[in-house]
Amino acid sequence: MIRKLASIRLTFVSLTLLLTLMGVGIFLTRFPEYKNAVKAMNQTVIYQWFAASWRVKPVLTAWFLMVCLSGTLLFINTILCSMTTQLSAALKIANLRRWSFFIIHFMFLMVLTCHGITLISGHKQDNIRLFPGETHAFGDNYRIDILDVKFSDNPEFLTMDKKKQRQMMTRKSFHRKQNFVKIALFQDNRRQSLQKVFFLNPMKYNFLRITVTEFISKEINGRKTTGVNLVITRGFFTGFFFTVYALMIISMACFIAITWKPRTQDTHNDTPTIHSTIIKRN
Amino acid sequence: MPPDTLSALYYIICACFFLALVFSVLKKIPWAGWALSAGTLACGAGVLLLVITKHRLPLYGAFESAVYMLFILSLLERFACRSDELMHYKRRTGIITCSVMLLVLALQINAPKQFHHDFFMYEDLWVNLFFNLRLVAAAFFIHAAVLLNAAAWKPPEVHPADSATAGPATAGPATAGPATAGPGAVIKNMSFEPACTQCHGDAYDRETAIAGFSTSLQKIIMYRARNFLLTGIVIYLASEWSGSLWCLNWLGDTWRWSGGFFKSTVIFLLVMASFHLPPSFAKSLQIRAIIGSGPALFIIWMIFYH
């Protein structure tokens, strides 16, 4: 049973299954109804979305469940193959090739674990639209106060559609650091942090991240006021995820360097070997 | 920059690679090499123009992606294919590479010949690494696919010389006369070392030895393709790592449920599937070539039709 679960055949089957499901996902996002439903999956932590969407979007929920199950199958297959085959081979004949091969798969398991953990842990709140003077409470007695929003560039950017924004907001016309929101973070009514937050520069406190994704505007008492669209996330494993991901890439690079030149059995069969020297090229 | 500069550059690149293809088909390998080098220089000029005029690396947009990708691909074809074993495949890799390059260029024929418009995010390091390394990875995937398909479908042409002087090989080292192997190459001092004289007997004929040599060459090229496919996925994962960091800083999370992220995952899964074939598939060079070409085909579709 363990041999079957650790087999390369099962690896190929689970990879093919995941490929098919990703293909189905790409196909579904071509339809506006499903595209919006998939977009909604990003607004909260996924297990909260799953609980709420089962009745509303059964097809998408079933697809998501199958992705999770296929991922779990791949995880089980990888862990069994790593422990039963790769590790024992590396311990039996300890060479760089075998150890690096095992390390790549171990790192991949770590990355997959992080992906799995993010599905069932953490905190996420999307689409928090706030203007100066407004507050938002969340999580463990946290509160954010919007002290000020400064938008120095062309105010027309705020009302353009996304496609036009992508064309008009160039490095010359949009100055990232000059358009910011000043946020004060409180926990139990005690101020923990005060920071200027702008695009690609979120507020970070412990494992909390407050990211500005958009500048918005509305009219208050006949005056146009600029506000922000925020995302609040809390992920305990983000740093660990990026570390193991980088280690996986480095271990793959090392494996390539170690195995760049083929072993004899990789390139020759059991018919006579011809040793030749090319001496002339016309 | 004069308005038609990029259009002119596009047609120069097309002409260079077209000539390289024609010369490869006509077995004029040195001329094909010159034409390919000219195409590489033209693509390099395009990349340089972009850097000088737009003050950034090639990142996004059909035209600049094509020029940059073909620049890397032609460099790989020109310099990575210089090993002795690849001399037997030079014509084939040249024909396949030039055909792919002309196909990519043909996809741009009706598209505007212009660099992608600027965007304020292009000042961020992770954005640059994400888009740029993705194009580099695409070139590596295509080069791997070229090598796979050059080797998998037909062994190389290895012909004994007309003036071969050696008789049948005997047990233990023996010397044969010169033999040609592929256009323009002469192999001398071939020695035959039977791997197992008890299994195969004491005498081997030249055809069996050359067939074995051809099979060995095929395996060497398939192994090289494996190297480039692996290198491609390392570069691609570095791109994805940077992209995840960009996503975290821009949208608050490392992963987004969206068509774009699903497509990115498909590339990774396709490469992993190529390296985890069940034994029945792995035995067949043709199946390995078909599955190994998947990442290249998909990434071309993703970059130019996304």
# chains A, B, ... in the order shown; residues from 1 in each chain; ligands from 1
$ residues_around --residues "segment 120-134 of chain A" --least-positions-apart "6" --cutoff "10 Å" --atoms "only C-alpha atoms" --output "ChimeraX atom specification"
/A:40,42-48,144-150,181-183,207-218,225-237 /B:251-253
$ residues_around --residues "Ser74 of chain B" --least-positions-apart "4" --cutoff "6 Å" --atoms "only C-alpha atoms" --output "list in words"
Thr40, Leu70 and Arg78 of chain B
$ residues_around --residues "segment 248-255 of chain A" --least-positions-apart "4" --cutoff "10 Å" --atoms "only C-alpha atoms" --output "VMD selection string"
(chain A and resid 96 to 111 242 to 244 259 to 260) or (chain B and resid 230 to 231 233 to 238 241)
$ write_last_selection --atoms "N, CA and C atoms" --output "mmCIF file, in the first residue's frame"
data_model
loop_
_atom_site.group_PDB
_atom_site.id
_atom_site.type_symbol
_atom_site.label_atom_id
_atom_site.label_comp_id
_atom_site.auth_asym_id
_atom_site.auth_seq_id
_atom_site.Cartn_x
_atom_site.Cartn_y
_atom_site.Cartn_z
ATOM 1 N N LEU A 96 26.423 13.570 -2.958
ATOM 2 C CA LEU A 96 25.768 14.875 -3.120
ATOM 3 C C LEU A 96 24.499 14.773 -3.961
ATOM 4 N N ARG A 97 24.591 13.936 -4.995
ATOM 5 C CA ARG A 97 23.461 13.807 -5.917
ATOM 6 C C ARG A 97 22.204 13.355 -5.172
ATOM 7 N N ARG A 98 22.353 12.296 -4.376
ATOM 8 C CA ARG A 98 21.182 11.726 -3.698
ATOM 9 C C ARG A 98 20.665 12.650 -2.604
ATOM 10 N N TRP A 99 21.586 13.267 -1.874
ATOM 11 C CA TRP A 99 21.158 14.166 -0.812
ATOM 12 C C TRP A 99 20.479 15.409 -1.371
ATOM 13 N N SER A 100 21.033 15.968 -2.428
ATOM 14 C CA SER A 100 20.410 17.164 -2.997
ATOM 15 C C SER A 100 19.031 16.827 -3.566
ATOM 16 N N PHE A 101 18.905 15.614 -4.121
ATOM 17 C CA PHE A 101 17.618 15.160 -4.649
ATOM 18 C C PHE A 101 16.581 15.082 -3.527
ATOM 19 N N PHE A 102 17.000 14.542 -2.399
ATOM 20 C CA PHE A 102 16.087 14.436 -1.252
ATOM 21 C C PHE A 102 15.728 15.830 -0.714
ATOM 22 N N ILE A 103 16.730 16.726 -0.637
ATOM 23 C CA ILE A 103 16.499 18.064 -0.073
ATOM 24 C C ILE A 103 15.499 18.864 -0.906
ATOM 25 N N ILE A 104 15.592 18.724 -2.249
ATOM 26 C CA ILE A 104 14.631 19.444 -3.112
ATOM 27 C C ILE A 104 13.211 19.041 -2.732
ATOM 28 N N HIS A 105 12.995 17.738 -2.603
ATOM 29 C CA HIS A 105 11.639 17.254 -2.324
ATOM 30 C C HIS A 105 11.201 17.627 -0.922
ATOM 31 N N PHE A 106 12.146 17.650 -0.002
ATOM 32 C CA PHE A 106 11.812 18.065 1.364
ATOM 33 C C PHE A 106 11.378 19.538 1.379
ATOM 34 N N MET A 107 12.115 20.368 0.662
ATOM 35 C CA MET A 107 11.772 21.794 0.589
ATOM 36 C C MET A 107 10.406 21.993 -0.093
ATOM 37 N N PHE A 108 10.159 21.193 -1.120
ATOM 38 C CA PHE A 108 8.863 21.275 -1.792
ATOM 39 C C PHE A 108 7.736 20.936 -0.813
ATOM 40 N N LEU A 109 7.966 19.934 0.028
ATOM 41 C CA LEU A 109 6.974 19.568 1.054
ATOM 42 C C LEU A 109 6.720 20.744 1.998
ATOM 43 N N MET A 110 7.793 21.453 2.353
ATOM 44 C CA MET A 110 7.645 22.616 3.247
ATOM 45 C C MET A 110 6.788 23.696 2.591
ATOM 46 N N VAL A 111 7.064 23.926 1.308
ATOM 47 C CA VAL A 111 6.293 24.946 0.571
ATOM 48 C C VAL A 111 4.823 24.548 0.496
ATOM 49 N N PHE A 242 8.462 32.276 2.495
ATOM 50 C CA PHE A 242 9.430 32.823 1.545
ATOM 51 C C PHE A 242 10.816 32.212 1.746
ATOM 52 N N THR A 243 11.145 31.895 2.981
ATOM 53 C CA THR A 243 12.455 31.289 3.255
ATOM 54 C C THR A 243 12.548 29.895 2.634
ATOM 55 N N VAL A 244 11.544 29.052 2.896
ATOM 56 C CA VAL A 244 11.626 27.677 2.362
ATOM 57 C C VAL A 244 11.494 27.674 0.838
ATOM 58 N N THR A 259 24.446 17.668 -11.070
ATOM 59 C CA THR A 259 24.083 16.641 -12.061
ATOM 60 C C THR A 259 24.170 17.149 -13.497
ATOM 61 N N TRP A 260 24.860 18.258 -13.718
ATOM 62 C CA TRP A 260 24.918 18.827 -15.073
ATOM 63 C C TRP A 260 25.539 17.837 -16.044
ATOM 64 N N LEU B 230 15.331 21.992 -16.509
ATOM 65 C CA LEU B 230 15.499 22.216 -15.063
ATOM 66 C C LEU B 230 15.959 23.646 -14.779
ATOM 67 N N THR B 231 16.924 24.115 -15.594
ATOM 68 C CA THR B 231 17.415 25.487 -15.412
ATOM 69 C C THR B 231 16.266 26.477 -15.627
ATOM 70 N N ILE B 233 13.099 25.986 -15.087
ATOM 71 C CA ILE B 233 12.144 26.011 -13.982
ATOM 72 C C ILE B 233 12.737 26.715 -12.762
ATOM 73 N N VAL B 234 14.058 26.640 -12.582
ATOM 74 C CA VAL B 234 14.686 27.383 -11.475
ATOM 75 C C VAL B 234 14.521 28.886 -11.708
ATOM 76 N N ILE B 235 14.779 29.319 -12.945
ATOM 77 C CA ILE B 235 14.618 30.746 -13.282
ATOM 78 C C ILE B 235 13.146 31.146 -13.130
ATOM 79 N N TYR B 236 12.246 30.259 -13.583
ATOM 80 C CA TYR B 236 10.815 30.544 -13.491
ATOM 81 C C TYR B 236 10.369 30.664 -12.043
ATOM 82 N N LEU B 237 10.863 29.765 -11.184
ATOM 83 C CA LEU B 237 10.490 29.819 -9.770
ATOM 84 C C LEU B 237 11.049 31.075 -9.092
ATOM 85 N N ALA B 238 12.255 31.494 -9.528
ATOM 86 C CA ALA B 238 12.800 32.754 -9.001
ATOM 87 C C ALA B 238 11.879 33.917 -9.390
ATOM 88 N N TRP B 241 8.814 33.629 -7.188
ATOM 89 C CA TRP B 241 9.137 34.068 -5.813
ATOM 90 C C TRP B 241 9.052 35.591 -5.735
#
$ select_by_dssp --residues "segment 68-268 of chain A" --states "strand (DSSP E)" --output "PyMOL selection string"
chain A and resi 123-130+135-138+142-150+180-187+190-197+203-205+208-220+223-234
$ residues_around --residues "Tyr10 of chain B" --least-positions-apart "6" --cutoff "10 Å" --atoms "only C-alpha atoms" --output "PyMOL selection string"
chain B and resi 4+42-43+46+63+66-67+105+108-109+113
$ residues_around --residues "segment 3-5 of chain A" --least-positions-apart "3" --cutoff "8 Å" --atoms "only C-alpha atoms" --output "VMD selection string"
chain A and resid 10 76 to 77 80 to 81
$ residues_around --residues "segment 28-39 of chain A" --least-positions-apart "3" --cutoff "8 Å" --atoms "only C-alpha atoms" --output "list in words"
Val24, Gly25, Asn42, Gln43, Lys57 and Leu60 of chain A; Trp257, Ser258 and Gly259 of chain B
$ write_last_selection --atoms "C-alpha atoms" --output "PDB file, in the first residue's frame"
ATOM      1  CA  VAL A  24     -10.848  24.100 -15.495  1.00  0.00           C
ATOM      2  CA  GLY A  25     -10.174  27.112 -13.262  1.00  0.00           C
ATOM      3  CA  ASN A  42      -9.632  36.615  -2.215  1.00  0.00           C
ATOM      4  CA  GLN A  43     -11.719  38.731   0.142  1.00  0.00           C
ATOM      5  CA  LYS A  57     -21.623  28.613  -5.699  1.00  0.00           C
ATOM      6  CA  LEU A  60     -16.822  26.544  -7.727  1.00  0.00           C
TER       7      LEU A  60
ATOM      8  CA  TRP B 257      -7.330  33.102  -6.791  1.00  0.00           C
ATOM      9  CA  SER B 258      -7.330  34.315 -10.391  1.00  0.00           C
ATOM     10  CA  GLY B 259      -6.791  33.097 -13.941  1.00  0.00           C
TER      11      GLY B 259
END
$ residues_around --residues "segment 286-294 of chain B" --least-positions-apart "5" --cutoff "6 Å" --atoms "only C-alpha atoms" --output "compact mmCIF listing (two decimals) with N, CA and C atoms, in the first residue's frame"
# COMPACT_ATOMS: atom_id res chain seq x y z
N ALA B 145 12.76 22.34 -25.37
CA ALA B 145 11.81 21.67 -26.27
C ALA B 145 12.45 21.41 -27.63
N LEU B 148 14.77 18.43 -27.23
CA LEU B 148 13.98 17.20 -27.08
C LEU B 148 13.47 16.72 -28.44
N ASN B 149 12.91 17.64 -29.20
CA ASN B 149 12.33 17.25 -30.47
C ASN B 149 13.39 16.97 -31.54
N ALA B 152 14.49 13.24 -30.23
CA ALA B 152 13.57 12.14 -29.91
C ALA B 152 13.04 11.38 -31.13
N SER B 274 6.82 16.54 -16.53
CA SER B 274 7.88 16.08 -17.43
C SER B 274 8.94 15.28 -16.70
$ closest_residue --among "A:Leu87, A:Ser152, A:Met22, A:Pro202" --to "Phe174 of chain A" --atoms "only C-alpha atoms"
A:Ser152
$ atom_distance --atom1 "atom CA of Phe262 of chain B" --atom2 "atom CA of Ile26 of chain A"
6.3 Å
$ closest_residue --among "B:Tyr223, B:Trp153, B:Phe17, B:Tyr11" --to "Arg263 of chain A" --atoms "only C-alpha atoms"
B:Tyr223
$ closest_residue --among "B:Met1, B:Ile221, B:Ile72, B:Val127" --to "Ala150 of chain B" --atoms "only C-alpha atoms"
B:Ile221
